[in-house]
file structure30.txt (compact mmCIF, C-alpha atoms)
# COMPACT_ATOMS: atom_id res chain seq x y z
CA MET A 38 -317.62 63.75 -22.40
CA LYS A 39 -315.43 62.49 -19.56
CA THR A 40 -312.58 61.85 -22.03
CA LEU A 41 -312.93 65.39 -23.39
CA LYS A 42 -312.83 66.86 -19.88
CA ILE A 43 -309.68 64.91 -19.04
CA PHE A 44 -308.04 66.02 -22.30
CA VAL A 45 -308.95 69.67 -21.66
CA PHE A 46 -307.74 69.44 -18.05
CA ASN A 47 -304.42 67.93 -19.09
CA THR A 48 -304.04 70.49 -21.85
CA LEU A 49 -304.62 73.36 -19.43
CA ILE A 50 -302.15 71.88 -16.95
CA LEU A 51 -299.50 71.56 -19.64
CA LEU A 52 -300.37 74.96 -21.09
CA PHE A 53 -299.98 76.96 -17.89
CA SER A 54 -296.97 74.99 -16.67
CA SER A 55 -295.29 75.29 -20.08
CA ILE A 56 -295.93 79.04 -20.23
CA ILE A 57 -294.39 79.54 -16.81
CA LEU A 58 -291.45 77.24 -17.59
CA GLN A 59 -290.86 78.88 -20.97
CA ILE A 60 -290.85 82.35 -19.43
CA ILE A 61 -288.43 81.16 -16.77
CA GLY A 62 -286.31 79.46 -19.43
CA MET A 63 -286.24 82.56 -21.62
CA PHE A 64 -285.00 84.80 -18.81
CA PHE A 65 -282.58 82.07 -17.80
CA ASN A 66 -281.15 81.99 -21.34
CA ILE A 67 -280.84 85.77 -21.30
CA TYR A 68 -278.94 85.52 -18.02
CA ILE A 69 -276.60 82.89 -19.49
CA ALA A 70 -276.01 84.89 -22.69
CA ASN A 71 -275.22 88.05 -20.74
CA THR A 72 -273.01 86.20 -18.26
CA VAL A 73 -270.87 84.00 -20.52
CA GLY A 74 -270.91 86.03 -23.76
CA GLU A 75 -271.92 85.34 -27.35
CA GLU A 76 -268.91 83.17 -28.23
CA ALA A 77 -269.49 80.93 -25.20
CA VAL A 78 -273.15 80.65 -26.20
CA GLY A 79 -271.99 79.43 -29.61
CA VAL A 80 -269.67 76.83 -28.07
CA PHE A 81 -272.36 75.76 -25.62
CA SER A 82 -274.77 75.33 -28.56
CA LEU A 83 -272.27 72.90 -30.10
CA VAL A 84 -272.00 71.01 -26.80
CA MET A 85 -275.79 70.83 -26.59
CA SER A 86 -275.92 69.38 -30.11
CA VAL A 87 -273.70 66.53 -28.92
CA TYR A 88 -275.70 66.27 -25.68
CA MET A 89 -278.97 65.99 -27.61
CA PHE A 90 -277.52 63.17 -29.70
CA GLY A 91 -276.62 61.38 -26.47
CA ILE A 92 -280.15 61.86 -25.18
CA THR A 93 -281.51 60.39 -28.42
CA LEU A 94 -279.10 57.48 -28.17
CA ALA A 95 -280.23 56.82 -24.59
CA SER A 96 -283.98 57.28 -24.87
CA ALA A 97 -285.11 57.23 -28.51
CA GLY A 98 -288.44 55.49 -28.92
CA ILE A 99 -288.94 54.69 -25.25
CA ASN A 100 -291.26 57.61 -24.50
CA ILE A 101 -293.59 57.01 -27.43
CA ALA A 102 -293.51 53.24 -26.85
CA THR A 103 -294.53 53.70 -23.21
CA THR A 104 -297.28 56.16 -24.11
CA ARG A 105 -298.62 54.02 -26.96
CA VAL A 106 -298.65 50.66 -25.14
CA VAL A 107 -300.02 52.14 -21.92
CA SER A 108 -302.76 53.94 -23.88
CA GLU A 109 -303.70 50.76 -25.73
CA GLU A 110 -303.98 48.86 -22.44
CA LEU A 111 -306.19 51.54 -20.94
CA ALA A 112 -308.37 51.53 -24.07
CA CYS A 113 -309.09 47.88 -23.15
CA ASN A 114 -309.66 48.81 -19.47
CA ASN A 115 -306.45 47.12 -18.39
CA GLU A 116 -304.85 49.35 -15.77
CA THR A 117 -302.61 46.63 -14.38
CA GLY A 118 -301.52 45.85 -17.92
CA ALA A 119 -300.59 49.50 -18.37
CA LYS A 120 -298.44 49.41 -15.25
CA ASN A 121 -296.74 46.16 -16.30
CA ALA A 122 -295.96 47.66 -19.69
CA ALA A 123 -294.48 50.76 -18.03
CA LYS A 124 -292.27 48.58 -15.84
CA ARG A 125 -290.85 46.83 -18.89
CA CYS A 126 -290.28 50.17 -20.63
CA ILE A 127 -288.31 51.44 -17.63
CA PHE A 128 -286.20 48.27 -17.75
CA PHE A 129 -285.38 48.86 -21.42
CA SER A 130 -284.63 52.52 -20.69
CA VAL A 131 -282.03 51.49 -18.10
CA LEU A 132 -280.28 49.30 -20.68
CA SER A 133 -280.32 51.95 -23.40
CA GLY A 134 -279.22 54.71 -21.02
CA ILE A 135 -276.24 52.75 -19.72
CA GLY A 136 -275.33 51.72 -23.28
CA ALA A 137 -275.33 55.34 -24.44
CA SER A 138 -273.14 56.37 -21.49
CA ILE A 139 -270.59 53.67 -22.29
CA ILE A 140 -270.42 54.79 -25.93
CA PHE A 141 -269.89 58.43 -24.95
CA PHE A 142 -267.26 57.46 -22.38
CA ILE A 143 -265.29 55.41 -24.91
CA PHE A 144 -265.44 58.11 -27.59
CA ALA A 145 -264.92 61.11 -25.30
CA ASP A 146 -261.57 62.00 -26.91
CA PHE A 147 -262.96 61.67 -30.44
CA ILE A 148 -265.98 63.86 -29.62
CA THR A 149 -263.84 66.53 -27.98
CA ILE A 150 -261.30 66.70 -30.81
CA HIS A 151 -263.37 66.16 -33.94
CA CYS A 152 -266.85 67.36 -32.95
CA LEU A 153 -266.09 70.19 -30.53
CA HIS A 154 -262.78 71.24 -32.11
CA ASN A 155 -260.98 71.12 -28.74
CA ARG A 156 -262.91 74.17 -27.53
CA ILE A 157 -263.68 72.38 -24.23
CA SER A 158 -262.19 69.55 -22.17
CA LYS A 159 -263.48 65.99 -22.30
CA ASP A 160 -264.64 66.31 -18.68
CA VAL A 161 -267.84 67.83 -20.08
CA ILE A 162 -268.44 64.61 -22.03
CA TYR A 163 -267.97 62.58 -18.83
CA LEU A 164 -270.64 64.70 -17.16
CA ILE A 165 -273.02 63.91 -20.01
CA CYS A 166 -272.32 60.19 -19.45
CA ILE A 167 -273.66 60.50 -15.90
CA ALA A 168 -276.90 62.13 -17.00
CA LEU A 169 -277.92 59.82 -19.86
CA PRO A 170 -279.29 56.82 -17.88
CA PHE A 171 -281.40 59.13 -15.70
CA ILE A 172 -282.75 60.98 -18.74
CA ALA A 173 -283.71 57.68 -20.37
CA MET A 174 -285.56 56.46 -17.29
CA SER A 175 -287.32 59.81 -16.91
CA SER A 176 -288.47 59.52 -20.51
CA ALA A 177 -290.14 56.18 -19.80
CA VAL A 178 -291.87 57.43 -16.65
CA ASN A 179 -293.02 60.57 -18.47
CA GLY A 180 -294.51 58.36 -21.18
CA TYR A 181 -296.40 56.39 -18.54
CA PHE A 182 -297.96 59.47 -16.96
CA THR A 183 -298.91 60.80 -20.40
CA GLY A 184 -300.52 57.48 -21.29
CA VAL A 185 -302.57 57.31 -18.07
CA ARG A 186 -303.59 60.98 -18.49
CA ARG A 187 -301.89 62.22 -15.34
CA VAL A 188 -299.55 64.70 -16.97
CA TYR A 189 -299.71 67.06 -14.01
CA LYS A 190 -297.12 64.79 -12.37
CA ASN A 191 -294.78 65.36 -15.32
CA ALA A 192 -295.38 69.09 -14.91
CA PHE A 193 -294.47 68.97 -11.21
CA ALA A 194 -291.26 67.10 -12.01
CA LYS A 195 -290.36 69.59 -14.73
CA PHE A 196 -290.83 72.53 -12.35
CA PHE A 197 -288.60 70.83 -9.83
CA GLU A 198 -285.96 70.12 -12.49
CA GLU A 199 -285.92 73.72 -13.73
CA PHE A 200 -285.66 75.07 -10.18
CA VAL A 201 -282.66 72.87 -9.46
CA LYS A 202 -281.01 73.67 -12.81
CA ILE A 203 -281.38 77.43 -12.43
CA THR A 204 -280.21 77.40 -8.82
CA CYS A 205 -277.16 75.28 -9.59
CA THR A 206 -276.26 77.25 -12.73
CA ALA A 207 -276.48 80.61 -10.97
CA PHE A 208 -274.39 79.30 -8.09
CA LEU A 209 -271.70 77.76 -10.31
CA LEU A 210 -271.41 80.71 -12.70
CA LYS A 211 -271.55 83.44 -10.08
CA SER A 212 -269.42 81.93 -7.34
CA PHE A 213 -266.71 79.97 -9.11
CA MET A 214 -266.54 81.04 -12.73
CA PRO A 215 -263.10 82.27 -13.80
CA ASP A 216 -262.48 83.68 -17.24
CA GLY A 217 -262.82 80.99 -19.89
CA ILE A 218 -265.37 79.31 -22.13
CA ASP A 219 -264.37 75.83 -20.97
CA TYR A 220 -265.48 76.40 -17.38
CA ALA A 221 -268.68 78.13 -18.47
CA CYS A 222 -269.73 75.07 -20.50
CA TYR A 223 -268.66 72.75 -17.68
CA ALA A 224 -270.75 74.69 -15.16
CA LEU A 225 -273.81 74.72 -17.42
CA ILE A 226 -273.65 70.98 -18.12
CA LEU A 227 -272.93 70.12 -14.47
CA ALA A 228 -276.01 72.06 -13.39
CA ASP A 229 -278.07 70.22 -16.00
CA VAL A 230 -276.77 66.82 -14.84
CA ILE A 231 -277.63 67.55 -11.21
CA SER A 232 -281.14 68.65 -12.18
CA GLU A 233 -281.71 65.55 -14.36
CA VAL A 234 -280.66 63.16 -11.57
CA LEU A 235 -282.80 64.83 -8.90
CA SER A 236 -285.73 65.20 -11.29
CA PHE A 237 -285.72 61.46 -12.04
CA ILE A 238 -285.63 60.60 -8.33
CA TYR A 239 -288.64 62.84 -7.74
CA LEU A 240 -290.47 61.47 -10.80
CA TYR A 241 -289.79 57.88 -9.81
CA ILE A 242 -291.21 58.47 -6.33
CA LEU A 243 -294.41 59.75 -7.96
CA TYR A 244 -294.44 56.69 -10.24
CA ARG A 245 -294.05 54.25 -7.33
CA MET A 246 -296.89 55.94 -5.47
CA ASP A 247 -299.07 55.80 -8.59
CA LYS A 248 -298.38 52.10 -9.14
CA ARG A 249 -300.13 51.18 -5.87
CA LYS A 250 -303.50 52.21 -7.32
CA SER A 251 -303.92 49.14 -9.55
CA ILE A 252 -307.58 48.11 -9.90
CA SER A 253 -307.85 45.47 -12.62
CA GLU A 254 -306.24 42.32 -13.97
CA SER A 255 -304.03 42.36 -17.01
CA ARG A 256 -304.94 40.23 -20.02
CA TYR A 257 -301.18 39.61 -20.52
CA LYS A 258 -299.74 37.09 -18.07
CA ASP A 259 -296.49 36.79 -20.01
CA LEU A 260 -294.03 39.68 -19.92
CA ASP A 261 -292.81 38.64 -23.38
CA SER A 262 -296.15 39.93 -24.70
CA TYR A 263 -295.22 43.41 -23.55
CA ASP A 264 -291.63 43.11 -24.70
CA LYS A 265 -292.66 42.32 -28.27
CA ARG A 266 -295.12 45.20 -28.45
CA ILE A 267 -292.68 47.64 -26.86
CA LEU A 268 -289.77 46.61 -29.08
CA ARG A 269 -291.98 46.73 -32.20
CA ILE A 270 -292.37 50.44 -31.57
CA THR A 271 -289.04 51.21 -29.89
CA ILE A 272 -286.57 49.53 -32.26
CA PRO A 273 -287.63 51.15 -35.56
CA VAL A 274 -288.13 54.53 -33.86
CA ALA A 275 -284.76 54.23 -32.10
CA LEU A 276 -282.85 53.24 -35.24
CA THR A 277 -284.31 56.05 -37.33
CA SER A 278 -283.90 58.46 -34.40
CA TYR A 279 -280.22 57.55 -34.08
CA LEU A 280 -279.70 58.22 -37.76
CA ARG A 281 -281.73 61.40 -37.72
CA SER A 282 -280.13 62.72 -34.52
CA GLY A 283 -276.65 61.81 -35.74
CA LEU A 284 -277.26 63.69 -38.97
CA SER A 285 -278.81 66.61 -37.10
CA THR A 286 -275.82 66.78 -34.76
CA ALA A 287 -273.43 66.59 -37.71
CA LYS A 288 -275.36 69.42 -39.35
CA GLN A 289 -274.99 71.63 -36.29
CA LEU A 290 -271.30 70.81 -35.92
CA ILE A 291 -270.36 71.61 -39.53
CA ILE A 292 -272.12 74.98 -39.53
CA PRO A 293 -269.25 76.90 -37.82
CA SER A 294 -266.61 75.23 -40.03
CA SER A 295 -268.63 75.94 -43.18
CA LEU A 296 -268.97 79.57 -42.10
CA GLN A 297 -265.20 79.72 -41.59
CA LYS A 298 -264.68 78.45 -45.13
CA SER A 299 -266.78 81.36 -46.36
CA GLY A 300 -264.24 83.77 -44.87
CA MET A 301 -265.36 84.24 -41.27
CA ASN A 302 -262.85 83.60 -38.49
CA SER A 303 -263.49 81.03 -35.75
CA SER A 304 -264.78 83.46 -33.12
CA ASN A 305 -267.08 85.33 -35.52
CA SER A 306 -268.56 82.10 -36.88
CA LEU A 307 -269.38 80.92 -33.35
CA ILE A 308 -270.83 84.33 -32.47
CA ALA A 309 -273.06 84.31 -35.58
CA TYR A 310 -274.12 80.73 -34.84
CA GLY A 311 -274.87 81.65 -31.22
CA VAL A 312 -276.92 84.71 -32.21
CA VAL A 313 -279.28 82.71 -34.43
CA ASN A 314 -279.50 79.44 -32.46
CA GLY A 315 -279.02 80.75 -28.94
CA MET A 316 -280.88 84.07 -29.16
CA ALA A 317 -283.18 84.49 -32.17
CA MET A 318 -284.59 80.95 -32.32
CA PRO A 319 -285.66 80.89 -28.62
CA ILE A 320 -287.84 83.94 -29.32
CA ILE A 321 -289.23 82.38 -32.50
CA MET A 322 -290.06 79.17 -30.62
CA PHE A 323 -291.29 80.74 -27.38
CA PRO A 324 -295.01 80.83 -28.35
CA VAL A 325 -294.83 77.20 -29.49
CA ILE A 326 -295.57 76.18 -25.90
CA LEU A 327 -299.23 76.81 -26.70
CA VAL A 328 -298.91 74.16 -29.43
CA THR A 329 -296.73 71.64 -27.62
CA SER A 330 -299.03 71.82 -24.58
CA PHE A 331 -301.64 69.78 -26.40
CA SER A 332 -299.63 68.18 -29.25
CA GLY A 333 -297.95 65.76 -26.84
CA LEU A 334 -301.38 64.70 -25.61
CA LEU A 335 -302.49 63.96 -29.18
CA VAL A 336 -300.37 60.79 -29.29
CA PRO A 337 -302.37 58.80 -26.68
CA GLU A 338 -305.70 60.24 -27.88
CA PHE A 339 -305.14 59.39 -31.54
CA SER A 340 -303.69 56.06 -30.48
CA ARG A 341 -306.99 55.26 -28.77
CA TYR A 342 -308.99 56.38 -31.83
CA TYR A 343 -306.74 54.22 -33.99
CA VAL A 344 -307.16 51.11 -31.83
CA GLU A 345 -310.95 51.65 -31.71
CA ARG A 346 -310.97 52.29 -35.52
CA LYS A 347 -312.72 55.65 -35.21
CA PHE A 348 -311.46 56.95 -38.55
CA LYS A 349 -314.10 59.66 -39.01
CA LYS A 350 -313.25 60.98 -35.57
CA ILE A 351 -309.55 61.04 -36.50
CA LYS A 352 -310.26 63.08 -39.63
CA SER A 353 -312.58 65.60 -37.97
CA VAL A 354 -310.36 66.17 -34.92
CA SER A 355 -307.27 66.53 -37.14
CA THR A 356 -308.99 69.18 -39.27
CA ILE A 357 -310.02 71.22 -36.23
CA ILE A 358 -306.62 71.05 -34.56
CA LEU A 359 -304.65 71.92 -37.70
CA SER A 360 -306.96 74.83 -38.54
CA ALA A 361 -306.57 76.27 -35.03
CA THR A 362 -302.80 75.81 -35.19
CA PHE A 363 -302.60 77.61 -38.54
CA ILE A 364 -304.52 80.63 -37.27
CA PHE A 365 -302.45 80.82 -34.11
CA SER A 366 -299.10 80.46 -35.90
CA LEU A 367 -300.07 83.09 -38.48
CA LEU A 368 -300.85 85.59 -35.71
CA VAL A 369 -297.57 84.82 -33.94
CA ALA A 370 -295.59 85.29 -37.16
CA ILE A 371 -297.20 88.66 -37.80
CA ILE A 372 -296.62 89.87 -34.23
CA ILE A 373 -292.94 88.85 -34.20
CA PHE A 374 -292.36 90.44 -37.62
CA ILE A 375 -293.95 93.74 -36.59
CA PHE A 376 -292.41 93.98 -33.12
CA ALA A 377 -288.99 92.46 -33.90
CA ASP A 378 -287.08 95.63 -32.94
CA LYS A 379 -288.83 95.98 -29.60
CA LEU A 380 -288.41 92.30 -28.77
CA ALA A 381 -284.69 92.35 -29.59
CA ILE A 382 -284.09 95.42 -27.41
CA LEU A 383 -286.37 94.30 -24.57
CA ILE A 384 -284.98 90.79 -24.29
CA TYR A 385 -281.31 91.06 -25.27
CA ASP A 386 -280.71 94.79 -25.73
CA LYS A 387 -279.22 93.93 -29.14
CA ILE A 388 -281.00 95.50 -32.11
CA GLU A 389 -279.12 93.32 -34.64
CA ILE A 390 -281.16 90.29 -33.54
CA ALA A 391 -284.31 91.95 -34.92
CA LYS A 392 -283.11 91.32 -38.47
CA TYR A 393 -283.02 87.56 -37.90
CA LEU A 394 -286.40 87.60 -36.15
CA ARG A 395 -287.99 89.13 -39.24
CA ILE A 396 -286.21 86.75 -41.60
CA LEU A 397 -287.22 83.65 -39.61
CA SER A 398 -290.76 84.73 -38.72
CA PRO A 399 -292.42 83.14 -41.83
CA LEU A 400 -291.09 79.76 -40.67
CA ILE A 401 -293.28 79.92 -37.58
CA ILE A 402 -296.35 78.76 -39.52
CA ILE A 403 -294.50 75.80 -41.00
CA MET A 404 -292.73 74.76 -37.79
CA TYR A 405 -295.80 74.94 -35.56
CA LEU A 406 -297.98 72.98 -37.99
CA ASP A 407 -295.25 70.38 -38.43
CA ILE A 408 -295.11 69.76 -34.67
CA VAL A 409 -298.83 68.98 -34.57
CA ILE A 410 -298.73 66.84 -37.72
CA ASP A 411 -295.88 64.76 -36.30
CA SER A 412 -297.82 64.14 -33.07
CA ILE A 413 -300.89 63.00 -35.01
CA LEU A 414 -298.79 60.67 -37.19
CA LYS A 415 -297.17 59.11 -34.12
CA GLY A 416 -300.60 58.43 -32.66
CA LEU A 417 -301.60 56.74 -35.95
CA ASP A 418 -298.67 54.29 -35.76
CA ALA A 419 -296.71 56.22 -38.40
CA GLN A 420 -293.77 57.11 -36.15
CA VAL A 421 -291.30 55.36 -38.47
CA SER A 422 -292.46 57.48 -41.39
CA VAL A 423 -292.00 60.61 -39.28
CA MET A 424 -288.42 59.64 -38.50
CA GLY A 425 -287.72 58.68 -42.11
CA ILE A 426 -288.87 62.11 -43.24
CA ASN A 427 -286.63 63.74 -40.64
CA VAL A 428 -283.66 61.71 -41.85
CA PHE A 429 -284.21 62.74 -45.48
CA ASP A 430 -284.60 66.36 -44.41
CA CYS A 431 -281.28 66.24 -42.52
CA VAL A 432 -279.40 64.70 -45.45
CA VAL A 433 -280.55 67.43 -47.83
CA SER A 434 -279.83 70.15 -45.27
CA ILE A 435 -276.32 68.83 -44.55
CA ALA A 436 -275.51 68.71 -48.25
CA PHE A 437 -276.63 72.31 -48.64
CA ILE A 438 -274.62 73.51 -45.63
CA TYR A 439 -271.47 71.61 -46.61
CA PHE A 440 -271.38 72.64 -50.27
CA LEU A 441 -273.14 76.00 -50.47
CA VAL A 442 -272.60 77.79 -47.14
CA PRO A 443 -268.86 78.19 -47.89
CA ILE A 444 -269.94 79.97 -51.09
CA LEU A 445 -272.99 81.91 -49.85
CA GLY A 446 -271.75 82.63 -46.33
CA PHE A 447 -274.12 83.27 -43.43
CA SER A 448 -277.08 83.87 -45.76
CA GLY A 449 -276.57 80.29 -46.96
CA TYR A 450 -277.04 79.05 -43.40
CA ILE A 451 -280.32 80.96 -43.10
CA ILE A 452 -281.48 79.47 -46.42
CA SER A 453 -280.60 75.98 -45.14
CA ILE A 454 -282.95 76.48 -42.18
CA PHE A 455 -285.80 77.32 -44.56
CA ILE A 456 -285.02 74.33 -46.79
CA SER A 457 -284.98 71.97 -43.80
CA GLU A 458 -288.30 73.14 -42.36
CA VAL A 459 -290.11 73.23 -45.73
CA ILE A 460 -289.03 69.68 -46.66
CA ASP A 461 -290.06 68.32 -43.26
CA PHE A 462 -293.46 70.03 -43.33
CA THR A 463 -294.26 69.09 -46.95
CA LEU A 464 -293.47 65.39 -46.58
CA SER A 465 -295.17 65.06 -43.18
CA GLY A 466 -298.28 66.85 -44.45
CA TYR A 467 -298.42 64.59 -47.51
CA LYS A 468 -298.15 61.49 -45.30
CA LEU A 469 -301.00 62.69 -43.08
CA LEU A 470 -303.23 63.45 -46.08
CA LYS A 471 -302.67 59.90 -47.36
CA LEU A 472 -303.67 58.40 -44.02
CA LEU A 473 -306.76 60.59 -43.66
CA HIS A 474 -308.00 59.66 -47.11
call {"tool": "encode", "arguments": {"input": "structure30.txt", "output": "structure tokens"}}
result
Amino acid sequence: MKTLKIFVFNTLILLFSSIILQIIGMFFNIYIANTVGEEAVGVFSLVMSVYMFGITLASAGINIATTRVVSEELACNNETGAKNAAKRCIFFSVLSGIGASIIFFIFADFITIHCLHNRISKDVIYLICIALPFIAMSSAVNGYFTGVRRVYKNAFAKFFEEFVKITCTAFLLKSFMPDGIDYACYALILADVISEVLSFIYLYILYRMDKRKSISESRYKDLDSYDKRILRITIPVALTSYLRSGLSTAKQLIIPSSLQKSGMNSSNSLIAYGVVNGMAMPIIMFPVILVTSFSGLLVPEFSRYYVERKFKKIKSVSTIILSATFIFSLLVAIIIFIFADKLAILIYDKIEIAKYLRILSPLIIIMYLDIVIDSILKGLDAQVSVMGINVFDCVVSIAFIYFLVPILGFSGYIISIFISEVIDFTLSGYKLLKLLH
């Protein structure tokens, strides 16, 4: 009963904080779109694709490794062991974060020319280099707080980060922005870097204060014991994440060029890309906060069930959670389909976005369920399978975009989104069914 209360409390904390943050983020995105324009939103989406690859390179596997190992230690009543494991995870995150920054620094010219088509200066890439080590360390500390069931500290840090990001962005765009897409992207990334650095400092202070509360002895006297367990999770997840993220980034980067091959000019292709990825998809994914609020907590809970070999519990809880997610996602899809016109006008004052909301609304059911299934699989030590599925999905999607979008045009890009989500959901669902039976 105590475990259930803690889970419900953490879920409610994440739920309410996520709702507030998502609402803030949505209005923030509207402000950005209206301030910098649709073409700049398209370019910024490309920059963020590269940025997300850097984040994966810096922190892949470290969050889930921290959560898993810390949860396993706590399942054996080893609080000191959990803290020792977290310390080692932070050490590895420093190494991976610095390594990612060095790679981005060395290849800044290549990224600017070949990935971003010289639409921005390489100074933006240098800014990303600064942020990556701090993002990696934050990922490890976040994993620790999730594992010890004190996610409210993550929520506090996220609020602080968003406040700093919004304040800095508004200041940079409003006070110093001249005409030009390059500066707009620079200002947006600079604001993000500042918020990531300050957020980590705040999060680390909370972590240091939490570490003083140790109450029990660890069964592991040798740090190598932690290193082996951490690396057993981190390395395969990191390798598959690098491949998956690299493919995902490549997919995003070839979309505008494939659209140009279909007959669209450069500006129109970036505008179309920005409308779907920067405007329509945020509305489609806005209600997902109600799913992600508890899905992230499923990893440590299912990890504990798995260690304690409570297989009947795993099956029953999975059935309940997936059924609830299906009902919720179905309702969201219906609402967005029916009220697409009103949402497009209310949020962006652009009726043309309503068409894409209706087209993409059926994907809501698949995407939301897939998020929950992936969290359950990660808790059941199937994180490598999850990443392998994502890699296969990206390969098929890239092939479709590269060969068929030039023929089918923008409708081909929309079809590629459906293909990607259906493949991911089908394979992940099949993997879960195998484990539950």
call {"tool": "residues_near_point", "arguments": {"input": "structure30.txt", "point": "(-271.4, 84.4, -50.2)", "cutoff": "12 Å", "atoms": "all atoms listed in the file", "output": "mmCIF file with C-alpha atoms, keeping the file's coordinate frame"}}
result
data_model
loop_
_atom_site.group_PDB
_atom_site.id
_atom_site.type_symbol
_atom_site.label_atom_id
_atom_site.label_comp_id
_atom_site.auth_asym_id
_atom_site.auth_seq_id
_atom_site.Cartn_x
_atom_site.Cartn_y
_atom_site.Cartn_z
ATOM 1 C CA SER A 295 -268.630 75.940 -43.180
ATOM 2 C CA LEU A 296 -268.970 79.570 -42.100
ATOM 3 C CA GLN A 297 -265.200 79.720 -41.590
ATOM 4 C CA LYS A 298 -264.680 78.450 -45.130
ATOM 5 C CA SER A 299 -266.780 81.360 -46.360
ATOM 6 C CA GLY A 300 -264.240 83.770 -44.870
ATOM 7 C CA MET A 301 -265.360 84.240 -41.270
ATOM 8 C CA PHE A 440 -271.380 72.640 -50.270
ATOM 9 C CA LEU A 441 -273.140 76.000 -50.470
ATOM 10 C CA VAL A 442 -272.600 77.790 -47.140
ATOM 11 C CA PRO A 443 -268.860 78.190 -47.890
ATOM 12 C CA ILE A 444 -269.940 79.970 -51.090
ATOM 13 C CA LEU A 445 -272.990 81.910 -49.850
ATOM 14 C CA GLY A 446 -271.750 82.630 -46.330
ATOM 15 C CA PHE A 447 -274.120 83.270 -43.430
ATOM 16 C CA SER A 448 -277.080 83.870 -45.760
ATOM 17 C CA GLY A 449 -276.570 80.290 -46.960
ATOM 18 C CA TYR A 450 -277.040 79.050 -43.400
ATOM 19 C CA ILE A 451 -280.320 80.960 -43.100
ATOM 20 C CA ILE A 452 -281.480 79.470 -46.420
#
call {"tool": "closest_residue", "arguments": {"input": "structure30.txt", "among": "A:Thr204, A:Ser175, A:Ser133, A:Thr286", "to": "Leu94 (chain A)", "atoms": "all atoms listed in the file"}}
result
A:Ser133
call {"tool": "residues_around", "arguments": {"input": "structure30.txt", "residues": "Ile456 (chain A)", "least_positions_apart": "2", "cutoff": "9 Å", "atoms": "only C-alpha atoms", "output": "PDB file with C-alpha atoms, keeping the file's coordinate frame"}}
result
ATOM      1  CA  ASP A 430    -284.600  66.360 -44.410  1.00  0.00           C
ATOM      2  CA  VAL A 433    -280.550  67.430 -47.830  1.00  0.00           C
ATOM      3  CA  SER A 434    -279.830  70.150 -45.270  1.00  0.00           C
ATOM      4  CA  PHE A 437    -276.630  72.310 -48.640  1.00  0.00           C
ATOM      5  CA  ILE A 451    -280.320  80.960 -43.100  1.00  0.00           C
ATOM      6  CA  ILE A 452    -281.480  79.470 -46.420  1.00  0.00           C
ATOM      7  CA  SER A 453    -280.600  75.980 -45.140  1.00  0.00           C
ATOM      8  CA  ILE A 454    -282.950  76.480 -42.180  1.00  0.00           C
ATOM      9  CA  GLU A 458    -288.300  73.140 -42.360  1.00  0.00           C
ATOM     10  CA  VAL A 459    -290.110  73.230 -45.730  1.00  0.00           C
ATOM     11  CA  ILE A 460    -289.030  69.680 -46.660  1.00  0.00           C
ATOM     12  CA  ASP A 461    -290.060  68.320 -43.260  1.00  0.00           C
TER      13      ASP A 461
END
call {"tool": "closest_atom_pairs", "arguments": {"input": "structure30.txt", "of": "region 172-206 of chain A", "to": "region 50-66 of chain A", "cutoff": "10 Å", "atoms": "all atoms listed in the file", "output": "JSON lines"}}
result
{"residue": "A:Arg187", "atom": "CA", "partner": "A:Ile50", "partner_atom": "CA", "distance": 9.8}
{"residue": "A:Val188", "atom": "CA", "partner": "A:Leu51", "partner_atom": "CA", "distance": 7.4}
{"residue": "A:Tyr189", "atom": "CA", "partner": "A:Ile50", "partner_atom": "CA", "distance": 6.2}
{"residue": "A:Lys190", "atom": "CA", "partner": "A:Ile50", "partner_atom": "CA", "distance": 9.8}
{"residue": "A:Asn191", "atom": "CA", "partner": "A:Leu51", "partner_atom": "CA", "distance": 8.9}
{"residue": "A:Ala192", "atom": "CA", "partner": "A:Ser54", "partner_atom": "CA", "distance": 6.4}
{"residue": "A:Phe193", "atom": "CA", "partner": "A:Ser54", "partner_atom": "CA", "distance": 8.5}
{"residue": "A:Lys195", "atom": "CA", "partner": "A:Leu58", "partner_atom": "CA", "distance": 8.2}
{"residue": "A:Phe196", "atom": "CA", "partner": "A:Leu58", "partner_atom": "CA", "distance": 7.1}
{"residue": "A:Glu199", "atom": "CA", "partner": "A:Leu58", "partner_atom": "CA", "distance": 7.6}
{"residue": "A:Phe200", "atom": "CA", "partner": "A:Ile61", "partner_atom": "CA", "distance": 9.4}
{"residue": "A:Lys202", "atom": "CA", "partner": "A:Phe65", "partner_atom": "CA", "distance": 9.9}
{"residue": "A:Ile203", "atom": "CA", "partner": "A:Phe65", "partner_atom": "CA", "distance": 7.2}
{"residue": "A:Thr206", "atom": "CA", "partner": "A:Phe65", "partner_atom": "CA", "distance": 9.4}
call {"tool": "atom_distance", "arguments": {"input": "structure30.txt", "atom1": "CA of Glu109 (chain A)", "atom2": "CA of Ala122 (chain A)"}}
result
10.3 Å
call {"tool": "atom_distance", "arguments": {"input": "structure30.txt", "atom1": "CA of Ala381 (chain A)", "atom2": "CA of Gly79 (chain A)"}}
result
18.1 Å
call {"tool": "atom_distance", "arguments": {"input": "structure30.txt", "atom1": "CA of Ser294 (chain A)", "atom2": "CA of Pro319 (chain A)"}}
result
22.9 Å
